[in-house]
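K.L.:
Below you will find the structure I want to go over with you.
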Amino acid sequence: MSRSIRTITAATAALLLATSCNSASDSGSSDGGDAEKSGHSARGVTDDSIKVGGIVSMTTASGYSKKDTDLGARARFDRADAEGGVHGRKIDYLGAEDDGQDPGKNLAAARKLVQQEKVFAIAPMSSVTFSGADFLQNQRVPTFGWGTIPPFCGPTYMYGFGGCMVPMPGGTITQSWPEGLKKVTDRARGKSVAILANDNDAGTFAIRTYKQSFAAAGYEVTYAKSTVPATSVPSDWSAYTKEILRSDGGKAPDAVVSVMQTPYNIGLFTAVKRAGFKGVLTDPTDYDPGLLAKSATRKALDGVHILLSFQPFEQNTADMRQFKADIRKTAGRDVPLNMHMMTGYMSADLFLAIAEKAGKNLTVGSFQKAAEGYSDTGTMVGDRRLPDGRKESFGCGALVQLRDGKYAVSSPFKCYEPIPFK
């Protein structure tokens, strides 16, 4: 399954849509490393500041945007600064470079932030194309993002805020989706699921993963294919719905599981509803209040159960109240919350936690040493553990259902025992 990170093409932004289990090279040197050897402070670190930048797909050809990832990171850094910074150092957050979900721009953004801006760390990195991963690893730049793509799984300078969400050889598969779904379907035994993904490496890998995951939870997987074109959303879904709705011995399965992005989900779910499907619909991407602005989108996604790997915004905990207050303060007003904000916020939060543990003498070396064996409990992504997070997720998740234009928790945030990846 090994392949260079540079060959990974842009895939869907759905959870676990990954193409391989490769890790980047751990060789090379950096400004930070050289500075430490000569006794000087690390790149991007002064007596009173730590320079951090981000890389985010703010614009894409399809119109899909992760721009609020930047707001989430800024909100967390703003609170850290208001509380006195990290050992007296404020976070000099430069904001996020827009890679346009383009591999060339992603690498260019990484080079700019390190070679020109001299950042100490990248937080957040949120894009399905991470061609800058090898460069950042070789330059020893701590980099934080959502571990749903292979570069966050294995390399020593890459940190997924929820751990590694991509199953690796010898690793595990998180069971938060099928186990959480049991609360929706009442049980797994005797229940059937059909899984559909895009026709690319990412979709193929997702099918392989979720066939194992749902079967291990006790569901009968009656259909599992990666056959939907990844280059464009089909205008006619009849071929797919016909197969899916006859997959359980000639009848419809109890649940249809889509591992695709929102435009595909809208098409698929609309089609199966029109065909008379009354079972459970679920995906890992459609938790975004912005989707509710259009009545057609609300109708297409109504009733869908969406997987989250963090506490739902609807769950009333102290951490969630703090998150909402931080976003509101930085935005200057109440804004609709979305998972991109959480991606930025928790990427920044993990960086800050490790930097705090590293102590006053912050260098790349002291930061990496602090990361080894780092752990905490009860965060909005569960119990964080390093270096375990380089090879497996923290195993936590929730389901929310869109119903009548609002999201409601259908399976509360909980951590589940993972299963071995085969």
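Note on naming: chains are A, B, ... as they come in the structure tokens, residues start from 1 per chain, ligands start from 1 in the order shown.
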Once DSSP has gone over the backbone, tell me which residues of range 147-351 of chain A are in strand (DSSP E), as a PDB file with C-alpha atoms, in the first residue's frame.

P.N.:
ATOM      1  CA  MET A 158       2.469  15.406  11.635  1.00  0.00           C
ATOM      2  CA  TYR A 159      -0.316  15.497  14.232  1.00  0.00           C
ATOM      3  CA  GLY A 160      -3.954  14.583  13.668  1.00  0.00           C
ATOM      4  CA  THR A 172      -6.940  -0.387  14.065  1.00  0.00           C
ATOM      5  CA  ILE A 173     -10.277   0.829  12.703  1.00  0.00           C
ATOM      6  CA  SER A 192     -28.299  -4.878   6.673  1.00  0.00           C
ATOM      7  CA  VAL A 193     -26.296  -1.979   5.221  1.00  0.00           C
ATOM      8  CA  ALA A 194     -25.315  -0.884   1.713  1.00  0.00           C
ATOM      9  CA  ILE A 195     -22.163   1.208   1.339  1.00  0.00           C
ATOM     10  CA  LEU A 196     -21.403   3.428  -1.661  1.00  0.00           C
ATOM     11  CA  ALA A 197     -18.279   5.448  -2.475  1.00  0.00           C
ATOM     12  CA  ASN A 198     -16.541   7.196  -5.367  1.00  0.00           C
ATOM     13  CA  GLU A 220     -24.751  -7.660   7.308  1.00  0.00           C
ATOM     14  CA  VAL A 221     -23.042  -5.768   4.500  1.00  0.00           C
ATOM     15  CA  THR A 222     -25.172  -6.608   1.457  1.00  0.00           C
ATOM     16  CA  TYR A 223     -23.623  -4.083  -0.921  1.00  0.00           C
ATOM     17  CA  ALA A 224     -20.261  -2.293  -0.907  1.00  0.00           C
ATOM     18  CA  LYS A 225     -19.008  -0.628  -4.082  1.00  0.00           C
ATOM     19  CA  SER A 226     -16.872   2.338  -5.126  1.00  0.00           C
ATOM     20  CA  THR A 227     -18.490   2.973  -8.505  1.00  0.00           C
ATOM     21  CA  VAL A 228     -19.643   6.620  -8.508  1.00  0.00           C
ATOM     22  CA  ALA A 255     -29.384   1.477   6.033  1.00  0.00           C
ATOM     23  CA  VAL A 256     -27.642   3.208   3.150  1.00  0.00           C
ATOM     24  CA  VAL A 257     -24.138   4.421   4.024  1.00  0.00           C
ATOM     25  CA  SER A 258     -22.582   7.068   1.758  1.00  0.00           C
ATOM     26  CA  VAL A 259     -18.872   7.809   2.008  1.00  0.00           C
ATOM     27  CA  VAL A 280     -31.714   4.885   7.575  1.00  0.00           C
ATOM     28  CA  LEU A 281     -29.463   7.236   5.583  1.00  0.00           C
ATOM     29  CA  THR A 282     -26.050   8.158   6.940  1.00  0.00           C
ATOM     30  CA  ASP A 283     -22.807   9.888   5.885  1.00  0.00           C
ATOM     31  CA  HIS A 305     -27.642  10.727  10.363  1.00  0.00           C
ATOM     32  CA  ILE A 306     -24.191  12.311  10.152  1.00  0.00           C
ATOM     33  CA  LEU A 307     -21.053  10.913  11.756  1.00  0.00           C
ATOM     34  CA  LEU A 308     -18.889  13.258  13.818  1.00  0.00           C
TER      35      LEU A 308
END

K.L.:
Can you list, as a ChimeraX atom specification, all residues belonging to range 124-205 of chain A that DSSP tags as alpha helix (DSSP H)?

P.N.:
/A:133-138,176-185,201-205

K.L.:
Take the residues from that selection and write them out as a PDB file, in the first residue's frame, keeping N, CA, C and O atoms.

P.N.:
ATOM      1  N   ALA A 133       3.446  17.712   2.401  1.00  0.00           N
ATOM      2  CA  ALA A 133       3.732  16.909   3.589  1.00  0.00           C
ATOM      3  C   ALA A 133       5.193  16.481   3.680  1.00  0.00           C
ATOM      4  O   ALA A 133       5.823  16.590   4.732  1.00  0.00           O
ATOM      5  N   ASP A 134       5.750  15.970   2.587  1.00  0.00           N
ATOM      6  CA  ASP A 134       7.154  15.540   2.602  1.00  0.00           C
ATOM      7  C   ASP A 134       8.079  16.705   2.950  1.00  0.00           C
ATOM      8  O   ASP A 134       9.012  16.564   3.748  1.00  0.00           O
ATOM      9  N   PHE A 135       7.801  17.853   2.348  1.00  0.00           N
ATOM     10  CA  PHE A 135       8.622  19.043   2.611  1.00  0.00           C
ATOM     11  C   PHE A 135       8.573  19.423   4.086  1.00  0.00           C
ATOM     12  O   PHE A 135       9.620  19.656   4.720  1.00  0.00           O
ATOM     13  N   LEU A 136       7.385  19.475   4.668  1.00  0.00           N
ATOM     14  CA  LEU A 136       7.244  19.874   6.066  1.00  0.00           C
ATOM     15  C   LEU A 136       7.867  18.853   7.006  1.00  0.00           C
ATOM     16  O   LEU A 136       8.499  19.219   8.009  1.00  0.00           O
ATOM     17  N   GLN A 137       7.733  17.583   6.681  1.00  0.00           N
ATOM     18  CA  GLN A 137       8.362  16.545   7.490  1.00  0.00           C
ATOM     19  C   GLN A 137       9.879  16.668   7.423  1.00  0.00           C
ATOM     20  O   GLN A 137      10.569  16.617   8.448  1.00  0.00           O
ATOM     21  N   ASN A 138      10.415  16.836   6.236  1.00  0.00           N
ATOM     22  CA  ASN A 138      11.873  16.953   6.080  1.00  0.00           C
ATOM     23  C   ASN A 138      12.424  18.206   6.747  1.00  0.00           C
ATOM     24  O   ASN A 138      13.566  18.211   7.229  1.00  0.00           O
ATOM     25  N   SER A 176     -16.667   3.989  15.806  1.00  0.00           N
ATOM     26  CA  SER A 176     -17.649   4.983  16.239  1.00  0.00           C
ATOM     27  C   SER A 176     -18.855   5.064  15.309  1.00  0.00           C
ATOM     28  O   SER A 176     -19.975   5.326  15.772  1.00  0.00           O
ATOM     29  N   TRP A 177     -18.674   4.820  13.990  1.00  0.00           N
ATOM     30  CA  TRP A 177     -19.806   4.924  13.067  1.00  0.00           C
ATOM     31  C   TRP A 177     -20.793   3.762  13.251  1.00  0.00           C
ATOM     32  O   TRP A 177     -21.960   3.994  13.587  1.00  0.00           O
ATOM     33  N   PRO A 178     -20.374   2.501  13.051  1.00  0.00           N
ATOM     34  CA  PRO A 178     -21.352   1.412  13.203  1.00  0.00           C
ATOM     35  C   PRO A 178     -21.875   1.248  14.621  1.00  0.00           C
ATOM     36  O   PRO A 178     -23.051   0.934  14.823  1.00  0.00           O
ATOM     37  N   GLU A 179     -21.018   1.476  15.618  1.00  0.00           N
ATOM     38  CA  GLU A 179     -21.484   1.329  16.995  1.00  0.00           C
ATOM     39  C   GLU A 179     -22.490   2.419  17.348  1.00  0.00           C
ATOM     40  O   GLU A 179     -23.496   2.175  18.017  1.00  0.00           O
ATOM     41  N   GLY A 180     -22.223   3.638  16.888  1.00  0.00           N
ATOM     42  CA  GLY A 180     -23.173   4.718  17.125  1.00  0.00           C
ATOM     43  C   GLY A 180     -24.475   4.489  16.389  1.00  0.00           C
ATOM     44  O   GLY A 180     -25.561   4.831  16.879  1.00  0.00           O
ATOM     45  N   LEU A 181     -24.384   3.887  15.207  1.00  0.00           N
ATOM     46  CA  LEU A 181     -25.582   3.658  14.394  1.00  0.00           C
ATOM     47  C   LEU A 181     -26.517   2.628  15.033  1.00  0.00           C
ATOM     48  O   LEU A 181     -27.719   2.615  14.752  1.00  0.00           O
ATOM     49  N   LYS A 182     -25.966   1.792  15.898  1.00  0.00           N
ATOM     50  CA  LYS A 182     -26.812   0.802  16.577  1.00  0.00           C
ATOM     51  C   LYS A 182     -27.942   1.477  17.362  1.00  0.00           C
ATOM     52  O   LYS A 182     -29.029   0.927  17.514  1.00  0.00           O
ATOM     53  N   LYS A 183     -27.686   2.677  17.864  1.00  0.00           N
ATOM     54  CA  LYS A 183     -28.710   3.394  18.616  1.00  0.00           C
ATOM     55  C   LYS A 183     -29.829   3.864  17.697  1.00  0.00           C
ATOM     56  O   LYS A 183     -30.952   4.111  18.135  1.00  0.00           O
ATOM     57  N   VAL A 184     -29.506   4.009  16.417  1.00  0.00           N
ATOM     58  CA  VAL A 184     -30.491   4.456  15.436  1.00  0.00           C
ATOM     59  C   VAL A 184     -31.292   3.278  14.887  1.00  0.00           C
ATOM     60  O   VAL A 184     -32.510   3.351  14.723  1.00  0.00           O
ATOM     61  N   THR A 185     -30.593   2.171  14.605  1.00  0.00           N
ATOM     62  CA  THR A 185     -31.257   0.992  14.028  1.00  0.00           C
ATOM     63  C   THR A 185     -31.753   0.011  15.102  1.00  0.00           C
ATOM     64  O   THR A 185     -32.221  -1.073  14.773  1.00  0.00           O
ATOM     65  N   ASP A 201      -9.123   5.788  -5.805  1.00  0.00           N
ATOM     66  CA  ASP A 201      -8.377   5.076  -4.762  1.00  0.00           C
ATOM     67  C   ASP A 201      -8.973   5.322  -3.382  1.00  0.00           C
ATOM     68  O   ASP A 201      -9.032   4.425  -2.536  1.00  0.00           O
ATOM     69  N   ALA A 202      -9.390   6.567  -3.158  1.00  0.00           N
ATOM     70  CA  ALA A 202      -9.958   6.917  -1.857  1.00  0.00           C
ATOM     71  C   ALA A 202     -11.220   6.123  -1.587  1.00  0.00           C
ATOM     72  O   ALA A 202     -11.421   5.579  -0.495  1.00  0.00           O
ATOM     73  N   GLY A 203     -12.101   6.045  -2.594  1.00  0.00           N
ATOM     74  CA  GLY A 203     -13.341   5.306  -2.431  1.00  0.00           C
ATOM     75  C   GLY A 203     -13.108   3.823  -2.227  1.00  0.00           C
ATOM     76  O   GLY A 203     -13.776   3.175  -1.404  1.00  0.00           O
ATOM     77  N   THR A 204     -12.159   3.270  -2.968  1.00  0.00           N
ATOM     78  CA  THR A 204     -11.833   1.848  -2.832  1.00  0.00           C
ATOM     79  C   THR A 204     -11.351   1.531  -1.424  1.00  0.00           C
ATOM     80  O   THR A 204     -11.741   0.531  -0.816  1.00  0.00           O
ATOM     81  N   PHE A 205     -10.509   2.408  -0.901  1.00  0.00           N
ATOM     82  CA  PHE A 205      -9.985   2.208   0.451  1.00  0.00           C
ATOM     83  C   PHE A 205     -11.096   2.349   1.486  1.00  0.00           C
ATOM     84  O   PHE A 205     -11.152   1.608   2.472  1.00  0.00           O
TER      85      PHE A 205
END

K.L.:
Excluding Glu97 in chain A and residues on its chain fewer than 3 positions from it, collect all residues at most 7 Å away from it, counting only C-alpha atoms, and give them as an MDAnalysis selection string.

P.N.:
chainID A and resid 54:56 109

K.L.:
The selected residues should be written to file as a short mmCIF file (atom, residue, chain, number, x, y, z; two decimals), in the first residue's frame (atoms: all heavy atoms).

P.N.:
data_model
loop_
_atom_site.label_atom_id
_atom_site.label_comp_id
_atom_site.auth_asym_id
_atom_site.auth_seq_id
_atom_site.Cartn_x
_atom_site.Cartn_y
_atom_site.Cartn_z
N GLY A 54 -1.19 28.72 8.65
CA GLY A 54 -2.08 27.63 8.27
C GLY A 54 -2.14 27.44 6.77
O GLY A 54 -1.73 28.32 6.00
N ILE A 55 -2.63 26.30 6.34
CA ILE A 55 -2.90 26.00 4.93
C ILE A 55 -4.31 25.41 4.86
O ILE A 55 -4.58 24.38 5.48
CB ILE A 55 -1.90 25.00 4.35
CG1 ILE A 55 -0.46 25.50 4.51
CG2 ILE A 55 -2.20 24.74 2.87
CD1 ILE A 55 0.60 24.48 4.10
N VAL A 56 -5.18 26.08 4.13
CA VAL A 56 -6.60 25.68 4.09
C VAL A 56 -7.14 25.82 2.67
O VAL A 56 -6.80 26.77 1.97
CB VAL A 56 -7.44 26.56 5.06
CG1 VAL A 56 -8.92 26.25 4.92
CG2 VAL A 56 -6.98 26.37 6.50
N ALA A 109 2.45 26.80 -0.72
CA ALA A 109 2.06 27.43 0.55
C ALA A 109 2.96 26.96 1.68
O ALA A 109 3.38 27.75 2.53
CB ALA A 109 0.61 27.10 0.86
#

K.L.:
Mind giving me the straight-line distance from CA of Asp47 in chain A to CA of Arg89 in chain A in Å, one decimal?

P.N.:
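Rounded to one decimal, the two atoms are 6.7 Å apart.
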
K.L.:
Smallest atom-to-atom distance to Leu71 in chain A: which of A:Val114, A:Leu94, A:Cys153, A:Ala370, using only C-alpha atoms?

P.N.:
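Looking only at the distances to Leu71 in chain A, the closest residue turns out to be A:Leu94.
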
K.L.:
I'd like the neighbourhood of Asp334 in chain A as a PyMOL selection string, where a residue qualifies if any of its atoms comes within 10 Å (using only C-alpha atoms), though same-chain residues fewer than 4 positions away should be ignored.

P.N.:
chain A and resi 324-325+327-330

K.L.:
Output the selection as a compact mmCIF listing (two decimals), in the first residue's frame - N, CA, C and O atoms for each residue.

P.N.:
# COMPACT_ATOMS: atom_id res chain seq x y z
N LYS A 324 -17.93 27.75 21.73
CA LYS A 324 -18.90 28.67 21.15
C LYS A 324 -18.58 30.12 21.53
O LYS A 324 -18.68 31.03 20.70
N ALA A 325 -18.19 30.32 22.79
CA ALA A 325 -17.84 31.67 23.24
C ALA A 325 -16.61 32.19 22.51
O ALA A 325 -16.55 33.37 22.12
N ILE A 327 -15.49 31.29 19.47
CA ILE A 327 -15.83 31.58 18.08
C ILE A 327 -16.59 32.89 17.99
O ILE A 327 -16.30 33.74 17.12
N ARG A 328 -17.55 33.09 18.87
CA ARG A 328 -18.36 34.31 18.86
C ARG A 328 -17.47 35.55 19.09
O ARG A 328 -17.63 36.57 18.40
N LYS A 329 -16.54 35.45 20.00
CA LYS A 329 -15.69 36.60 20.32
C LYS A 329 -14.78 36.95 19.16
O LYS A 329 -14.63 38.13 18.80
N THR A 330 -14.18 35.96 18.53
CA THR A 330 -13.27 36.23 17.42
C THR A 330 -14.03 36.69 16.18
O THR A 330 -13.58 37.59 15.46

K.L.:
Quick one: of A:Ile419, A:Pro412, A:Cys396, A:Tyr264, who's nearest to Ala216 in chain A, counting only C-alpha atoms?

P.N.:
A:Ile419

K.L.:
Quick one: of A:Ala80, A:Ala42, A:Val86, A:Ile207, who's nearest to Lys360 in chain A, counting only C-alpha atoms?

P.N.:
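Once distances to Lys360 in chain A are computed over only C-alpha atoms, the minimum belongs to A:Val86.
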
K.L.:
For CA of Gly88 in chain A and CA of Leu362 in chain A, determine how far apart the two atoms are, in Å to one decimal place.

P.N.:
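Separating CA of Gly88 in chain A from CA of Leu362 in chain A is a distance of 11.4 Å.
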
K.L.:
Measure the distance from CA of Leu301 in chain A to CA of Asn265 in chain A in Å and round it to one decimal.

P.N.:
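Answer for the CA of Leu301 in chain A to CA of Asn265 in chain A separation: 7.8 Å.
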
K.L.:
Just want the 12 Å neighbourhood of Ser393 in chain A, counted on only C-alpha atoms, with same-chain residues fewer than 5 positions away dropped. Output as a ChimeraX atom specification.

P.N.:
/A:15-16,146-149,152-154,159-168,171-176,309-310,381-388,415-419

K.L.:
Keeping only N, CA, C and O atoms, write the selected residues to a file as a short mmCIF file (atom, residue, chain, number, x, y, z; two decimals), in the first residue's frame.

P.N.:
data_model
loop_
_atom_site.label_atom_id
_atom_site.label_comp_id
_atom_site.auth_asym_id
_atom_site.auth_seq_id
_atom_site.Cartn_x
_atom_site.Cartn_y
_atom_site.Cartn_z
N LEU A 15 -14.83 11.63 5.85
CA LEU A 15 -13.98 10.96 6.82
C LEU A 15 -13.47 9.65 6.27
O LEU A 15 -14.20 8.87 5.70
N LEU A 16 -12.13 9.45 6.45
CA LEU A 16 -11.46 8.23 6.04
C LEU A 16 -11.35 8.02 4.54
O LEU A 16 -11.05 6.93 4.11
N TRP A 146 -6.66 17.49 10.58
CA TRP A 146 -7.57 16.38 10.80
C TRP A 146 -6.96 15.15 10.14
O TRP A 146 -6.73 15.13 8.94
N GLY A 147 -6.71 14.11 10.92
CA GLY A 147 -5.97 12.94 10.44
C GLY A 147 -6.77 12.01 9.56
O GLY A 147 -6.71 10.79 9.73
N THR A 148 -7.48 12.56 8.57
CA THR A 148 -8.29 11.74 7.66
C THR A 148 -7.56 11.42 6.37
O THR A 148 -8.15 10.83 5.47
N ILE A 149 -6.29 11.83 6.26
CA ILE A 149 -5.49 11.53 5.08
C ILE A 149 -4.15 10.94 5.54
O ILE A 149 -3.67 11.24 6.63
N PHE A 152 -0.96 12.30 7.83
CA PHE A 152 -1.05 12.49 9.27
C PHE A 152 -0.87 11.19 10.03
O PHE A 152 -0.99 11.17 11.26
N CYS A 153 -0.57 10.12 9.33
CA CYS A 153 -0.47 8.81 9.96
C CYS A 153 0.93 8.24 9.80
O CYS A 153 1.27 7.68 8.76
N GLY A 154 1.76 8.42 10.80
CA GLY A 154 3.10 7.86 10.76
C GLY A 154 4.22 8.88 10.93
O GLY A 154 5.06 8.73 11.82
N TYR A 159 0.56 15.78 13.11
CA TYR A 159 -0.32 15.50 14.23
C TYR A 159 -1.78 15.64 13.82
O TYR A 159 -2.24 16.73 13.49
N GLY A 160 -2.52 14.53 13.86
CA GLY A 160 -3.95 14.58 13.67
C GLY A 160 -4.62 14.87 15.00
O GLY A 160 -4.34 14.18 15.99
N PHE A 161 -5.46 15.89 15.06
CA PHE A 161 -6.01 16.28 16.36
C PHE A 161 -6.94 15.21 16.94
O PHE A 161 -7.21 15.20 18.14
N GLY A 162 -7.42 14.30 16.12
CA GLY A 162 -8.21 13.17 16.61
C GLY A 162 -7.46 11.87 16.47
O GLY A 162 -8.05 10.79 16.53
N GLY A 163 -6.14 11.97 16.25
CA GLY A 163 -5.34 10.79 15.98
C GLY A 163 -5.34 10.48 14.49
O GLY A 163 -5.77 11.29 13.66
N CYS A 164 -4.83 9.31 14.13
CA CYS A 164 -4.81 8.87 12.74
C CYS A 164 -6.13 8.18 12.42
O CYS A 164 -6.44 7.14 12.99
N MET A 165 -6.90 8.79 11.53
CA MET A 165 -8.21 8.23 11.17
C MET A 165 -8.12 7.24 10.01
O MET A 165 -9.13 6.68 9.59
N VAL A 166 -6.92 7.06 9.47
CA VAL A 166 -6.73 6.16 8.32
C VAL A 166 -6.15 4.84 8.83
O VAL A 166 -5.04 4.81 9.35
N PRO A 167 -6.88 3.75 8.70
CA PRO A 167 -6.36 2.46 9.17
C PRO A 167 -5.05 2.11 8.48
O PRO A 167 -4.91 2.24 7.27
N MET A 168 -4.08 1.67 9.27
CA MET A 168 -2.76 1.31 8.76
C MET A 168 -2.47 -0.15 9.06
O MET A 168 -3.03 -0.73 9.98
N GLY A 171 -2.51 -1.58 12.47
CA GLY A 171 -3.27 -0.62 13.25
C GLY A 171 -4.70 -1.06 13.47
O GLY A 171 -5.03 -2.25 13.41
N THR A 172 -5.56 -0.08 13.72
CA THR A 172 -6.94 -0.39 14.06
C THR A 172 -7.92 0.45 13.25
O THR A 172 -7.54 1.42 12.60
N ILE A 173 -9.19 0.07 13.31
CA ILE A 173 -10.28 0.83 12.70
C ILE A 173 -11.19 1.32 13.82
O ILE A 173 -11.61 0.54 14.68
N THR A 174 -11.48 2.61 13.82
CA THR A 174 -12.41 3.12 14.82
C THR A 174 -13.82 2.61 14.52
O THR A 174 -14.24 2.52 13.37
N GLN A 175 -14.54 2.28 15.56
CA GLN A 175 -15.88 1.71 15.42
C GLN A 175 -16.99 2.71 15.76
O GLN A 175 -18.14 2.32 15.99
N SER A 176 -16.67 3.99 15.81
CA SER A 176 -17.65 4.98 16.24
C SER A 176 -18.86 5.06 15.31
O SER A 176 -19.97 5.33 15.77
N SER A 309 -16.59 13.10 14.55
CA SER A 309 -15.51 12.57 15.38
C SER A 309 -15.16 13.56 16.49
O SER A 309 -14.07 13.53 17.04
N PHE A 310 -16.12 14.43 16.81
CA PHE A 310 -15.96 15.38 17.91
C PHE A 310 -17.32 15.60 18.55
O PHE A 310 -18.36 15.17 18.02
N VAL A 381 -12.52 15.83 21.44
CA VAL A 381 -12.27 14.70 20.52
C VAL A 381 -11.94 13.43 21.30
O VAL A 381 -11.47 12.46 20.74
N GLY A 382 -12.19 13.45 22.59
CA GLY A 382 -11.95 12.28 23.42
C GLY A 382 -10.64 12.36 24.18
O GLY A 382 -10.13 13.45 24.46
N ASP A 383 -10.08 11.21 24.51
CA ASP A 383 -8.82 11.13 25.25
C ASP A 383 -7.67 11.11 24.26
O ASP A 383 -7.53 10.17 23.48
N ARG A 384 -6.83 12.15 24.30
CA ARG A 384 -5.73 12.25 23.33
C ARG A 384 -4.50 11.52 23.86
O ARG A 384 -4.14 11.67 25.03
N ARG A 385 -3.87 10.75 22.98
CA ARG A 385 -2.70 9.96 23.37
C ARG A 385 -1.66 10.01 22.25
O ARG A 385 -1.97 9.71 21.10
N LEU A 386 -0.45 10.37 22.61
CA LEU A 386 0.66 10.35 21.67
C LEU A 386 1.78 9.51 22.26
O LEU A 386 1.96 9.51 23.48
N PRO A 387 2.51 8.76 21.44
CA PRO A 387 2.46 8.73 19.98
C PRO A 387 1.41 7.80 19.38
O PRO A 387 1.40 7.58 18.17
N ASP A 388 0.50 7.24 20.21
CA ASP A 388 -0.52 6.33 19.67
C ASP A 388 -1.29 6.98 18.52
O ASP A 388 -1.70 6.30 17.58
N CYS A 415 -16.61 7.11 23.21
CA CYS A 415 -15.43 6.43 22.69
C CYS A 415 -15.68 4.92 22.68
O CYS A 415 -16.25 4.37 23.63
N TYR A 416 -15.26 4.27 21.59
CA TYR A 416 -15.50 2.84 21.40
C TYR A 416 -14.18 2.11 21.19
O TYR A 416 -13.21 2.68 20.68
N GLU A 417 -14.19 0.84 21.54
CA GLU A 417 -13.01 0.01 21.32
C GLU A 417 -12.81 -0.20 19.82
O GLU A 417 -13.74 -0.59 19.10
N PRO A 418 -11.61 0.02 19.31
CA PRO A 418 -11.35 -0.19 17.88
C PRO A 418 -11.18 -1.67 17.58
O PRO A 418 -11.10 -2.50 18.49
N ILE A 419 -11.14 -2.00 16.30
CA ILE A 419 -10.89 -3.38 15.86
C ILE A 419 -9.62 -3.41 15.03
O ILE A 419 -9.23 -2.39 14.45
#

K.L.:
Between A:Phe413, A:Arg43, A:Ala398, A:Arg321, which has the minimum distance to Gln116 in chain A (counting only C-alpha atoms)?

P.N.:
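For Gln116 in chain A, the nearest of the candidates is A:Arg43.
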
K.L.:
Set the distance at 8 Å and use only C-alpha atoms: which residues neighbour Lys422 in chain A once local chain neighbours fewer than 6 positions away are removed? I'd like the list as an MDAnalysis selection string.

P.N.:
chainID A and resid 169:170 212

K.L.:
Can I get the selection written as a PDB file, in the first residue's frame, with all heavy atoms?

P.N.:
ATOM      1  N   PRO A 169      -1.574  -0.780   8.286  1.00  0.00           N
ATOM      2  CA  PRO A 169      -1.189  -2.158   8.583  1.00  0.00           C
ATOM      3  C   PRO A 169      -0.712  -2.296  10.025  1.00  0.00           C
ATOM      4  O   PRO A 169       0.131  -1.526  10.479  1.00  0.00           O
ATOM      5  CB  PRO A 169      -0.048  -2.412   7.594  1.00  0.00           C
ATOM      6  CG  PRO A 169      -0.329  -1.489   6.453  1.00  0.00           C
ATOM      7  CD  PRO A 169      -0.893  -0.245   7.081  1.00  0.00           C
ATOM      8  N   GLY A 170      -1.290  -3.223  10.733  1.00  0.00           N
ATOM      9  CA  GLY A 170      -0.934  -3.395  12.140  1.00  0.00           C
ATOM     10  C   GLY A 170      -1.694  -2.463  13.054  1.00  0.00           C
ATOM     11  O   GLY A 170      -1.535  -2.525  14.274  1.00  0.00           O
ATOM     12  N   GLN A 212     -15.244  -3.972   6.708  1.00  0.00           N
ATOM     13  CA  GLN A 212     -14.752  -4.595   7.936  1.00  0.00           C
ATOM     14  C   GLN A 212     -15.456  -4.024   9.161  1.00  0.00           C
ATOM     15  O   GLN A 212     -15.868  -4.752  10.066  1.00  0.00           O
ATOM     16  CB  GLN A 212     -13.244  -4.367   8.077  1.00  0.00           C
ATOM     17  CG  GLN A 212     -12.383  -5.036   7.030  1.00  0.00           C
ATOM     18  CD  GLN A 212     -10.907  -4.759   7.278  1.00  0.00           C
ATOM     19  OE1 GLN A 212     -10.395  -5.004   8.363  1.00  0.00           O
ATOM     20  NE2 GLN A 212     -10.231  -4.239   6.274  1.00  0.00           N
TER      21      GLN A 212
END

K.L.:
For each of A:Ala96, A:Ala215, A:Ala230, A:Ala239, take the minimum atom-to-atom distance to Ser126 in chain A, counting only C-alpha atoms, then give the residue where this is smallest.

P.N.:
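Under the stated criterion, the closest residue is A:Ala96.
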
K.L.:
Using only C-alpha atoms, determine which residues lie at most 12 Å from Val304 in chain A, disregarding the query and same-chain residues fewer than 4 positions distant; provide the list as an MDAnalysis selection string.

P.N.:
chainID A and resid 181 184 255:258 262 265:266 268:270 273 278:287 297:300 399:410

K.L.:
Find, counting only C-alpha atoms, the residue in A:Lys391, A:Arg246, A:Lys357, A:Lys414 that gets nearest to Gln315 in chain A.

P.N.:
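Distance minimum relative to Gln315 in chain A lands on A:Lys414.
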